[in-house]
$ cat entry-v7.csv   # CSV, C-alpha atoms
chain,number,residue,atom,x,y,z
M,15,MET,CA,59.2,101.2,143.9
M,16,ALA,CA,60.7,101.8,140.5
M,17,ALA,CA,64.0,100.0,140.1
M,18,PHE,CA,66.6,100.8,137.5
M,19,ALA,CA,70.3,101.1,137.5
M,20,SER,CA,70.3,104.8,138.1
M,21,ARG,CA,73.4,104.6,140.2
M,22,LYS,CA,76.7,105.1,138.5
M,23,LEU,CA,78.1,101.8,137.4
M,24,ALA,CA,81.9,101.4,137.7
M,25,PRO,CA,83.4,100.4,134.4
M,26,PRO,CA,84.6,96.8,134.2
M,27,VAL,CA,88.3,96.2,134.1
M,28,ILE,CA,89.1,95.1,130.5
M,29,THR,CA,91.5,92.1,130.3
M,30,ALA,CA,92.7,89.8,127.5
M,31,GLU,CA,90.1,87.3,128.7
M,32,ASN,CA,87.1,89.6,128.4
M,33,LYS,CA,88.1,92.1,125.7
M,34,THR,CA,86.1,90.5,122.9
M,35,PHE,CA,83.0,90.4,125.0
M,36,PHE,CA,83.1,94.1,125.8
M,37,GLU,CA,84.0,95.2,122.3
M,38,ALA,CA,80.9,93.4,121.1
M,39,ALA,CA,78.9,94.9,123.9
M,40,ARG,CA,79.8,98.4,122.7
M,41,GLN,CA,78.1,97.3,119.4
M,42,GLY,CA,75.1,96.0,121.2
M,43,ARG,CA,76.0,92.3,120.7
M,44,PHE,CA,75.7,89.9,123.6
M,45,LEU,CA,78.3,87.0,123.4
M,46,ILE,CA,78.6,83.9,125.5
M,47,PRO,CA,81.7,81.7,125.8
M,48,VAL,CA,81.2,78.1,124.5
M,49,CYS,CA,83.8,75.3,124.7
M,50,THR,CA,84.4,73.6,121.4
M,51,ALA,CA,85.6,70.5,123.1
M,52,CYS,CA,82.6,69.8,125.4
M,53,ASN,CA,80.2,72.0,123.5
M,54,ARG,CA,78.9,73.7,126.7
M,55,ALA,CA,78.3,77.4,127.3
M,56,HIS,CA,79.5,78.8,130.7
M,57,TRP,CA,79.4,82.0,132.8
M,58,TYR,CA,81.3,84.0,134.0
M,59,PRO,CA,83.5,83.9,130.9
M,60,ARG,CA,86.9,82.1,131.2
M,61,ALA,CA,89.6,81.4,128.6
M,62,ILE,CA,89.7,77.8,130.0
M,63,CYS,CA,86.5,75.9,130.0
M,64,PRO,CA,85.4,75.4,133.7
M,65,PHE,CA,83.7,72.1,132.9
M,66,CYS,CA,86.4,70.2,130.9
M,67,ALA,CA,89.5,72.5,131.1
M,68,GLY,CA,89.6,72.7,127.3
M,69,ASP,CA,91.4,75.7,126.0
M,70,LYS,CA,89.3,76.1,122.8
M,71,VAL,CA,86.6,78.4,124.1
M,72,GLU,CA,85.0,80.6,121.5
M,73,TRP,CA,82.6,83.5,121.7
M,74,ARG,CA,79.2,82.9,120.1
M,75,ALA,CA,76.1,85.2,119.8
M,76,ALA,CA,73.6,84.6,122.6
M,77,ALA,CA,69.9,85.2,122.4
M,78,GLY,CA,69.8,87.6,125.4
M,79,LYS,CA,66.8,85.7,126.8
M,80,GLY,CA,66.6,84.0,130.2
M,81,THR,CA,64.5,83.5,133.3
M,82,ILE,CA,65.1,84.8,136.8
M,83,TYR,CA,66.7,82.1,139.0
M,84,THR,CA,66.6,84.2,142.1
M,85,PHE,CA,66.7,87.9,143.1
M,86,SER,CA,66.7,90.4,145.9
M,87,VAL,CA,65.6,94.0,146.1
M,88,MET,CA,68.3,96.0,147.8
M,89,ARG,CA,66.5,98.5,149.8
M,90,ARG,CA,68.8,100.0,152.4
M,91,VAL,CA,70.8,102.1,150.0
M,92,LYS,CA,70.3,105.6,148.5
M,93,GLU,CA,69.3,104.2,145.1
M,94,PRO,CA,67.6,100.8,145.5
M,95,TYR,CA,68.3,98.2,142.8
M,96,ILE,CA,67.4,94.5,142.1
M,97,ILE,CA,70.2,92.0,142.1
M,98,ALA,CA,69.5,88.7,140.4
M,99,HIS,CA,70.9,85.5,139.0
M,100,VAL,CA,69.4,84.9,135.5
M,101,THR,CA,69.5,81.5,133.8
M,102,LEU,CA,70.2,82.1,130.1
M,103,ALA,CA,68.5,80.3,127.3
M,104,GLU,CA,72.0,78.8,126.5
M,105,GLY,CA,72.2,77.1,129.9
M,106,PRO,CA,74.4,78.9,132.4
M,107,THR,CA,73.1,81.2,135.1
M,108,MET,CA,74.7,84.7,135.5
M,109,LEU,CA,74.8,87.4,138.1
M,110,THR,CA,73.1,90.6,136.9
M,111,ASN,CA,70.6,93.3,137.8
M,112,ILE,CA,66.9,93.5,136.8
M,113,VAL,CA,66.1,97.0,135.5
M,114,ALA,CA,63.2,99.0,134.0
M,115,CYS,CA,60.4,97.5,136.1
M,116,ASP,CA,58.7,97.9,139.5
M,117,ALA,CA,60.3,95.9,142.2
M,118,HIS,CA,57.0,94.3,143.2
M,119,GLU,CA,56.6,92.8,139.7
M,120,VAL,CA,59.7,90.7,139.9
M,121,ARG,CA,59.3,86.9,140.4
M,122,ILE,CA,61.5,83.8,140.3
M,123,GLY,CA,60.9,82.0,137.0
M,124,GLN,CA,60.0,85.3,135.2
M,125,PRO,CA,61.2,85.5,131.6
M,126,VAL,CA,63.6,88.4,131.0
M,127,THR,CA,65.4,90.0,128.1
M,128,LEU,CA,68.8,91.6,127.8
M,129,VAL,CA,69.4,95.3,128.0
M,130,PHE,CA,72.9,96.8,127.9
M,131,GLN,CA,73.4,99.4,130.6
M,132,ASP,CA,76.0,102.1,130.3
M,133,THR,CA,78.8,102.3,132.8
M,134,ASP,CA,80.7,105.4,133.9
M,135,GLY,CA,83.2,105.8,131.0
M,136,GLY,CA,83.5,102.1,130.1
M,137,PRO,CA,81.7,99.6,127.9
M,138,PRO,CA,78.1,98.8,128.7
M,139,VAL,CA,77.3,95.7,130.9
M,140,PRO,CA,74.5,93.2,130.4
M,141,MET,CA,71.4,93.5,132.6
M,142,PHE,CA,67.9,92.3,132.1
M,143,LYS,CA,64.3,93.6,132.1
M,144,PRO,CA,61.0,91.7,132.1
M,145,ALA,CA,60.3,90.2,128.7
Y,702,MET,CA,95.2,79.5,165.8
Y,703,THR,CA,94.1,83.0,166.4
Y,704,LEU,CA,91.5,85.5,165.2
Y,705,ALA,CA,91.6,89.3,165.8
Y,706,GLY,CA,89.4,91.7,163.9
Y,707,LYS,CA,88.0,95.2,164.5
Y,708,PRO,CA,85.7,95.7,161.5
Y,709,ARG,CA,83.3,97.7,163.7
Y,710,SER,CA,85.8,100.4,164.9
Y,711,GLU,CA,87.2,100.4,161.3
Y,712,GLY,CA,83.8,101.5,160.1
Y,713,MET,CA,82.5,98.4,158.4
Y,714,ALA,CA,79.1,99.0,159.9
Y,715,THR,CA,77.0,97.3,157.2
Y,716,GLY,CA,76.8,94.4,154.8
Y,717,THR,CA,74.9,96.6,152.4
Y,718,ALA,CA,77.9,98.1,150.6
Y,719,PRO,CA,79.9,96.2,148.1
Y,720,ARG,CA,83.3,95.3,149.5
Y,721,ALA,CA,86.4,96.5,147.7
Y,722,ARG,CA,87.9,93.6,145.7
Y,723,ASP,CA,91.0,93.3,143.6
Y,724,PRO,CA,89.8,94.4,140.1
Y,725,ASN,CA,92.1,91.9,138.5
Y,726,GLN,CA,90.3,88.9,139.9
Y,727,PRO,CA,88.8,87.1,137.0
Y,728,GLU,CA,85.2,87.4,138.4
Y,729,ALA,CA,85.5,91.1,139.1
Y,730,PRO,CA,84.1,92.5,135.8
Y,731,TRP,CA,81.2,90.1,136.1
Y,732,GLU,CA,80.3,91.1,139.7
Y,733,ALA,CA,81.3,94.7,140.5
Y,734,PRO,CA,78.8,96.4,138.1
Y,735,TYR,CA,75.9,94.6,139.8
Y,736,ALA,CA,76.7,95.7,143.3
Y,737,ILE,CA,76.5,92.3,145.0
Y,738,THR,CA,76.9,92.8,148.7
Y,739,THR,CA,77.0,90.4,151.7
Y,740,ALA,CA,73.3,91.1,152.5
Y,741,ASN,CA,71.8,90.9,149.0
Y,742,GLY,CA,73.8,87.8,148.2
Y,743,TYR,CA,72.5,85.8,151.2
Y,744,ALA,CA,69.1,87.3,150.5
Y,745,MET,CA,69.2,85.7,147.0
Y,746,CYS,CA,69.8,82.3,148.7
Y,747,ALA,CA,66.9,82.9,151.0
Y,748,MET,CA,64.6,83.9,148.2
Y,749,ARG,CA,65.4,80.7,146.2
Y,750,HIS,CA,65.1,78.5,149.3
Y,751,MET,CA,61.6,80.0,149.9
Y,752,TYR,CA,60.7,79.4,146.3
Y,753,GLU,CA,61.8,75.8,146.2
Y,754,TYR,CA,60.9,74.7,149.7
Y,755,GLY,CA,58.2,77.0,150.9
Y,756,THR,CA,60.5,78.4,153.7
Y,757,THR,CA,58.8,81.4,155.4
Y,758,SER,CA,60.1,84.6,157.0
Y,759,GLU,CA,58.6,83.4,160.3
Y,760,GLN,CA,60.8,80.3,160.1
Y,761,LEU,CA,63.9,82.4,159.4
Y,762,ALA,CA,63.0,84.6,162.3
Y,763,TRP,CA,63.0,81.6,164.7
Y,764,VAL,CA,66.8,81.3,164.2
Y,765,LYS,CA,67.2,84.9,165.5
Y,766,VAL,CA,64.7,84.3,168.3
Y,767,ALA,CA,66.6,81.3,169.5
Y,768,ALA,CA,69.9,83.2,169.4
Y,769,SER,CA,68.4,86.0,171.4
Y,770,HIS,CA,67.2,83.6,174.1
Y,771,HIS,CA,70.9,82.6,174.6
Y,772,ALA,CA,72.4,86.0,174.3
Y,773,ARG,CA,70.4,87.3,177.3
Y,774,HIS,CA,72.7,85.2,179.5
Y,775,ASN,CA,75.9,86.5,177.9
Y,776,PRO,CA,77.0,89.8,179.6
Y,777,HIS,CA,79.3,90.5,176.6
Y,778,ALA,CA,76.6,90.1,173.9
Y,779,MET,CA,76.0,93.2,171.7
Y,780,LEU,CA,72.2,92.4,171.5
Y,781,PRO,CA,71.2,90.8,174.8
Y,782,GLU,CA,67.5,91.6,174.4
Y,783,VAL,CA,65.1,88.7,173.8
Y,784,VAL,CA,63.2,89.2,170.5
Y,785,THR,CA,60.1,87.6,169.1
Y,786,VAL,CA,59.2,86.4,165.6
Y,787,GLU,CA,57.1,89.6,165.3
Y,788,ASP,CA,60.0,91.8,166.2
Y,789,VAL,CA,62.1,90.2,163.4
Y,790,LEU,CA,59.3,90.6,160.8
Y,791,ASN,CA,58.6,94.2,161.9
Y,792,SER,CA,62.3,95.2,161.5
Y,793,PRO,CA,63.0,97.0,158.3
Y,794,LEU,CA,63.7,95.0,155.1
Y,795,ILE,CA,67.3,95.3,154.2
Y,796,ALA,CA,67.4,93.1,151.1
Y,797,ASP,CA,64.3,91.1,150.3
Y,798,PRO,CA,63.4,88.8,152.1
Y,799,LEU,CA,65.9,89.5,154.9
Y,800,HIS,CA,65.0,92.0,157.6
Y,801,ARG,CA,67.4,93.8,159.8
Y,802,LEU,CA,67.1,91.2,162.6
Y,803,ASP,CA,67.9,88.4,160.1
Y,804,CYS,CA,71.4,89.9,159.8
Y,805,CYS,CA,74.3,89.4,162.2
Y,806,VAL,CA,76.0,92.1,164.2
Y,807,ILE,CA,79.4,93.5,163.2
Y,808,SER,CA,81.7,93.6,166.1
Y,809,ASP,CA,85.3,93.8,167.1
Y,810,GLY,CA,86.8,90.8,168.8
Y,811,GLY,CA,89.2,88.0,168.8
Y,812,GLY,CA,89.9,84.5,169.9
Y,813,ALA,CA,92.4,81.7,170.0
Y,814,ILE,CA,92.6,78.0,170.1
Y,815,VAL,CA,95.6,76.1,171.5
Y,816,LEU,CA,96.2,72.7,170.0
Y,817,VAL,CA,98.7,70.4,171.8
Y,818,ARG,CA,99.9,66.8,171.5
Y,819,PRO,CA,98.0,64.2,173.6
Y,820,GLU,CA,100.9,63.7,176.0
Y,821,ILE,CA,101.0,67.4,176.8
Y,822,ALA,CA,97.2,67.6,177.0
Y,823,LYS,CA,97.1,64.9,179.7
Y,824,LYS,CA,99.2,67.2,182.0
Y,825,LEU,CA,96.8,70.2,181.6
Y,826,LYS,CA,94.3,70.9,184.4
Y,827,ARG,CA,91.3,71.6,182.2
Y,828,PRO,CA,88.6,69.3,180.8
Y,829,LEU,CA,90.0,68.0,177.5
Y,830,VAL,CA,88.4,68.3,174.1
Y,831,ARG,CA,89.5,66.1,171.2
Y,832,ILE,CA,88.9,66.8,167.5
Y,833,ILE,CA,87.5,63.6,166.1
Y,834,GLY,CA,86.4,64.7,162.6
Y,835,VAL,CA,87.0,67.5,160.1
Y,836,GLY,CA,85.8,68.3,156.7
Y,837,GLU,CA,86.5,71.2,154.3
Y,838,ALA,CA,85.0,72.1,151.0
Y,839,VAL,CA,84.9,75.0,148.5
Y,840,LYS,CA,81.8,75.8,146.5
Y,841,HIS,CA,81.9,78.0,143.4
Y,842,LEU,CA,79.6,79.2,140.6
Y,843,THR,CA,80.9,76.2,138.5
Y,844,GLY,CA,80.4,77.8,135.1
Y,845,GLY,CA,77.0,79.0,136.0
Y,846,THR,CA,75.5,75.6,137.0
Y,847,PHE,CA,74.9,76.1,140.7
Y,848,ASP,CA,72.2,75.5,143.2
Y,849,LEU,CA,72.0,78.4,145.7
Y,850,THR,CA,70.0,76.4,148.3
Y,851,ILE,CA,73.0,74.2,149.0
Y,852,SER,CA,76.2,75.3,150.9
Y,853,GLY,CA,79.6,73.7,151.0
Y,854,ALA,CA,78.6,72.0,154.2
Y,855,ALA,CA,76.9,69.4,152.1
Y,856,ARG,CA,80.4,68.2,151.3
Y,857,ALA,CA,82.4,69.2,154.4
Y,858,GLY,CA,79.8,67.8,156.8
Y,859,PRO,CA,79.7,64.2,155.5
Y,860,MET,CA,83.6,64.2,155.5
Y,861,ALA,CA,83.7,65.2,159.2
Y,862,PHE,CA,80.9,62.8,160.2
Y,863,ALA,CA,82.7,59.9,158.4
Y,864,GLU,CA,86.0,60.6,160.1
Y,865,ALA,CA,84.3,61.0,163.5
Y,866,GLY,CA,82.2,57.8,163.0
Y,867,VAL,CA,79.1,59.6,164.3
Y,868,THR,CA,75.9,61.0,162.8
Y,869,ALA,CA,74.0,64.3,163.1
Y,870,ALA,CA,71.6,62.5,165.5
Y,871,ASP,CA,74.4,62.0,168.0
Y,872,ILE,CA,75.4,65.7,168.2
Y,873,LYS,CA,74.4,67.2,171.6
Y,874,TYR,CA,75.3,70.8,170.7
Y,875,ALA,CA,76.0,72.7,167.4
Y,876,SER,CA,77.8,75.9,166.7
Y,877,ILE,CA,76.5,77.0,163.3
Y,878,TYR,CA,77.9,80.0,161.5
Y,879,ASP,CA,75.1,82.6,161.4
Y,880,SER,CA,75.9,85.6,159.2
Y,881,PHE,CA,72.2,85.6,158.5
Y,882,THR,CA,69.3,83.4,159.6
Y,883,ILE,CA,69.2,81.7,156.2
Y,884,THR,CA,72.8,80.7,156.6
Y,885,VAL,CA,71.9,78.5,159.6
Y,886,ILE,CA,68.9,76.8,158.0
Y,887,MET,CA,70.9,75.9,154.9
Y,888,GLN,CA,73.9,74.5,156.8
Y,889,LEU,CA,71.6,72.5,159.2
Y,890,GLU,CA,70.1,70.8,156.2
Y,891,ASP,CA,73.4,70.2,154.5
Y,892,LEU,CA,74.9,68.7,157.7
Y,893,GLY,CA,72.0,66.3,157.9
Y,894,PHE,CA,70.2,67.5,161.0
Y,895,CYS,CA,67.1,67.5,158.8
Y,896,PRO,CA,66.3,66.7,155.1
Y,897,LYS,CA,67.1,69.3,152.4
Y,898,GLY,CA,64.3,71.9,152.4
Y,899,ALA,CA,63.0,71.0,155.9
Y,900,GLY,CA,65.3,73.5,157.7
Y,901,GLY,CA,62.6,76.1,158.1
Y,902,LYS,CA,60.3,73.6,159.9
Y,903,PHE,CA,63.3,72.2,161.9
Y,904,VAL,CA,64.2,75.6,163.4
Y,905,ALA,CA,60.7,76.7,164.2
Y,906,ASP,CA,59.0,76.8,167.6
Y,907,GLY,CA,62.3,77.1,169.6
Y,908,ASN,CA,63.9,73.9,168.4
Y,909,LEU,CA,67.4,75.6,168.6
Y,910,ILE,CA,66.9,76.9,172.1
Y,911,SER,CA,68.9,75.2,174.8
Y,912,GLY,CA,66.7,73.4,177.3
Y,913,VAL,CA,63.7,73.8,175.0
Y,914,GLY,CA,64.5,72.3,171.6
Y,915,LYS,CA,66.2,69.2,170.2
Y,916,LEU,CA,69.3,70.9,168.9
Y,917,PRO,CA,70.8,73.7,171.1
Y,918,PHE,CA,72.8,76.0,168.9
Y,919,ASN,CA,75.0,79.1,169.4
Y,920,THR,CA,74.5,79.3,173.1
Y,921,ASP,CA,76.7,82.5,173.3
Y,922,GLY,CA,74.2,84.3,171.2
Y,923,GLY,CA,76.1,83.7,168.0
Y,924,GLY,CA,76.8,86.2,165.3
Y,925,LEU,CA,73.1,87.2,165.3
Y,926,CYS,CA,73.2,88.6,168.8
Y,927,ASN,CA,76.7,88.3,170.4
Y,928,ASN,CA,79.7,89.1,168.1
Y,929,HIS,CA,81.0,88.8,164.5
Y,930,PRO,CA,84.6,90.0,164.4
Y,931,ALA,CA,85.6,89.9,160.7
Y,932,ASN,CA,86.7,86.8,159.0
Y,933,ARG,CA,87.4,83.4,160.4
Y,934,GLY,CA,83.9,83.4,161.7
Y,935,SER,CA,84.4,79.8,162.8
Y,936,MET,CA,86.6,80.8,165.6
Y,937,THR,CA,83.8,82.0,167.8
Y,938,LYS,CA,81.9,78.9,166.9
Y,939,VAL,CA,84.6,76.6,168.0
Y,940,LEU,CA,85.1,78.6,171.3
Y,941,GLU,CA,81.4,78.1,172.4
Y,942,ALA,CA,81.5,74.4,171.4
Y,943,VAL,CA,84.6,74.0,173.6
Y,944,ARG,CA,82.8,75.8,176.5
Y,945,GLN,CA,79.9,73.4,176.1
Y,946,LEU,CA,82.1,70.3,176.0
Y,947,ARG,CA,84.0,71.5,179.1
Y,948,GLY,CA,80.7,72.3,180.9
Y,949,GLU,CA,81.8,75.9,181.1
Y,950,ALA,CA,78.9,77.6,179.2
Y,951,HIS,CA,76.5,79.8,181.1
Y,952,PRO,CA,74.5,77.5,183.4
Y,953,ALA,CA,71.3,78.7,181.9
Y,954,VAL,CA,72.3,77.5,178.4
Y,955,GLN,CA,74.7,74.6,179.3
Y,956,VAL,CA,73.6,71.4,177.6
Y,957,LYS,CA,73.4,68.5,180.0
Y,958,ASN,CA,76.0,65.8,179.6
Y,959,CYS,CA,77.4,67.6,176.5
Y,960,ASP,CA,80.0,65.1,175.3
Y,961,LEU,CA,79.8,65.6,171.5
Y,962,ALA,CA,79.6,68.9,169.6
Y,963,LEU,CA,79.9,70.2,166.1
Y,964,ALA,CA,81.2,73.6,164.8
Y,965,GLN,CA,80.4,74.7,161.3
Y,966,GLY,CA,81.9,77.7,159.5
Y,967,THR,CA,81.4,79.4,156.2
Y,968,GLY,CA,83.7,81.9,154.6
Y,969,PHE,CA,82.8,84.6,152.0
Y,970,GLN,CA,79.5,84.4,150.2
Y,971,LEU,CA,76.9,81.7,149.7
Y,972,ALA,CA,75.6,83.4,146.6
Y,973,THR,CA,78.8,83.2,144.7
Y,974,ARG,CA,81.7,81.3,146.2
Y,975,HIS,CA,82.7,80.2,149.7
Y,976,GLY,CA,84.7,77.9,151.8
Y,977,SER,CA,83.0,75.6,154.3
Y,978,ALA,CA,84.5,73.8,157.3
Y,979,THR,CA,83.0,71.3,159.7
Y,980,MET,CA,84.6,70.1,162.9
Y,981,ILE,CA,83.3,67.5,165.3
Y,982,MET,CA,84.7,67.4,168.9
Y,983,GLU,CA,84.2,65.2,171.9
Y,984,ARG,CA,84.9,65.5,175.6
Y,985,GLU,CA,87.6,63.2,176.8

$ encode --input "entry-v7.csv" --output "structure tokens"
Amino acid sequence: MAAFASRKLAPPVITAENKTFFEAARQGRFLIPVCTACNRAHWYPRAICPFCAGDKVEWRAAAGKGTIYTFSVMRRVKEPYIIAHVTLAEGPTMLTNIVACDAHEVRIGQPVTLVFQDTDGGPPVPMFKPA
Amino acid sequence: MTLAGKPRSEGMATGTAPRARDPNQPEAPWEAPYAITTANGYAMCAMRHMYEYGTTSEQLAWVKVAASHHARHNPHAMLPEVVTVEDVLNSPLIADPLHRLDCCVISDGGGAIVLVRPEIAKKLKRPLVRIIGVGEAVKHLTGGTFDLTISGAARAGPMAFAEAGVTAADIKYASIYDSFTITVIMQLEDLGFCPKGAGGKFVADGNLISGVGKLPFNTDGGGLCNNHPANRGSMTKVLEAVRQLRGEAHPAVQVKNCDLALAQGTGFQLATRHGSATMIMERE
């Protein structure tokens, strides 16, 4: 079964907290929030660091590389898709979809690489495909 | 405390569609595009549990088989038919690795618990049940540093056991929230009924069937076979635990000399964030 995000993706709501991320995404750049106080990257992005509550979180360029922590092939829908948590090279694990591959090829621990996927009238969102 | 829900008649017939959320919640932009649903979220937990601990689909199926052995004695159960491990494995895959029969029903329903002061309780003409330990915990994605094989019961459970002054080995009957078969296995481990990762082996071969196994669970048929009326899923769990402690469960599933019981609930979604509650009750 080929799995890709062929379904229409609702555009994310843009807020003061995520505006910088999605502006960069429109230019094909994948950013990750890093706390300058405790020097840790986190996901999903928050203005206040979820580890140390520091308020000096800055956006840094991320490699767009990771490995699959877990996944599931969603079958009982019109357009099947693969939901996953991917552990990024920078540390945190993020919810995403795995695209551009056959469902039976996907494995936990598999290296994946970022691909931006267009949404319906909004900025693209980060997804992953086998590296 | 009350529960009333009619998700079935309101058309929430499936856990395969993303639920509508407030788009202004901070996690919304990082979840909505990926279509996380109830079913595929719990499926991701099951997938990771299998990867880390070698848990099998057959072991997951045993949870459903045990629930069905209890449901056949419940005239109100939505699914009163006894099923086998093969029946579960042969039911269609919904979200890998969960089959249709790994998923709970969605029903209408309700329930209520009356709590009274001890001096009032003594005047009542029903067997009395006393709450002797409770625990609550919240688990979140914690900045992307989570372990999806663990539920909030790993914190709520020890709190409840400490307050009650008993251990998992003392419990005669357990109501375990069962949105999916994997939900039961993870919570049993987290509550200490078996070591982490051994839940699959623990539930196999009928170990949860009343009169057969070591830990009778969900003797009303649970969410997997009996009912699942919307949120506050712990309500139906507490009700059956109280029936057991009063000796009012169906005779075919009544646990002999049931004087200590546990009810475990989980709210929302193991794969992202959830609340967990444990309650230990004894017969007076």

$ interface_residues --input "entry-v7.csv" --of "chain M" --to "chain Y" --cutoff "9 Å" --atoms "all atoms listed in the file" --output "NGL selection string"
:M and (19 or 22-29 or 31-32 or 55-60 or 63-65 or 83-91 or 95-99 or 101 or 105-111 or 122 or 133 or 139 or 141)

$ residues_around --input "entry-v7.csv" --residues "Ala145 (chain M)" --least-positions-apart "4" --cutoff "12 Å" --atoms "only C-alpha atoms" --output "list in words"
Gly78, Lys79, Gly80, Thr81, Ile82, Ile112, Val113, Ala114, Cys115, Glu119, Val120, Gly123, Gln124, Pro125, Val126, Thr127, Leu128 and Val129 of chain M

$ atom_distance --input "entry-v7.csv" --atom1 "CA of Glu37 (chain M)" --atom2 "CA of Arg974 (chain Y)"
27.7 Å

$ atom_distance --input "entry-v7.csv" --atom1 "CA of Gly135 (chain M)" --atom2 "CA of Ala76 (chain M)"
24.7 Å

$ atom_distance --input "entry-v7.csv" --atom1 "CA of Ile46 (chain M)" --atom2 "CA of Lys143 (chain M)"
18.5 Å

$ closest_residue --input "entry-v7.csv" --among "Y:Glu941, Y:Glu985, Y:Asp871, Y:Glu711" --to "Ala813 (chain Y)" --atoms "all atoms listed in the file"
Y:Glu941

$ residues_near_point --input "entry-v7.csv" --point "(88.1, 76.9, 124.4)" --cutoff "8 Å" --atoms "all atoms listed in the file" --output "list in words"
Val48, Cys49, Thr50, Ala51, Ala61, Ile62, Cys63, Gly68, Asp69, Lys70, Val71 and Glu72 of chain M

$ residues_near_point --input "entry-v7.csv" --point "(79.1, 99.8, 125.0)" --cutoff "10 Å" --atoms "all atoms listed in the file" --output "list in words"
Phe36, Glu37, Ala38, Ala39, Arg40, Gln41, Gly42, Arg43, Phe130, Gln131, Asp132, Thr133, Gly135, Gly136, Pro137, Pro138, Val139 and Pro140 of chain M

$ axis_aligned_box --input "entry-v7.csv" --around "region 107-121 of chain M" --padding-each-side "8 Å" --output "lines of an AutoDock Vina configuration file"
center_x = 65.7
center_y = 90.1
center_z = 138.6
size_x = 34.2
size_y = 33.8
size_z = 25.2

$ closest_residue --input "entry-v7.csv" --among "Y:Leu816, Y:Val789, Y:Ile981, Y:Ile886" --to "Leu909 (chain Y)" --atoms "only C-alpha atoms"
Y:Ile886

$ residues_around --input "entry-v7.csv" --residues "Gly810 (chain Y)" --least-positions-apart "2" --cutoff "8 Å" --atoms "all atoms listed in the file" --output "compact mmCIF listing (two decimals) with C-alpha atoms, in the coordinates of the input"
# COMPACT_ATOMS: atom_id res chain seq x y z
CA LEU Y 704 91.50 85.50 165.20
CA ALA Y 705 91.60 89.30 165.80
CA GLY Y 706 89.40 91.70 163.90
CA LYS Y 707 88.00 95.20 164.50
CA SER Y 808 81.70 93.60 166.10
CA GLY Y 812 89.90 84.50 169.90
CA ASN Y 928 79.70 89.10 168.10
CA HIS Y 929 81.00 88.80 164.50
CA PRO Y 930 84.60 90.00 164.40
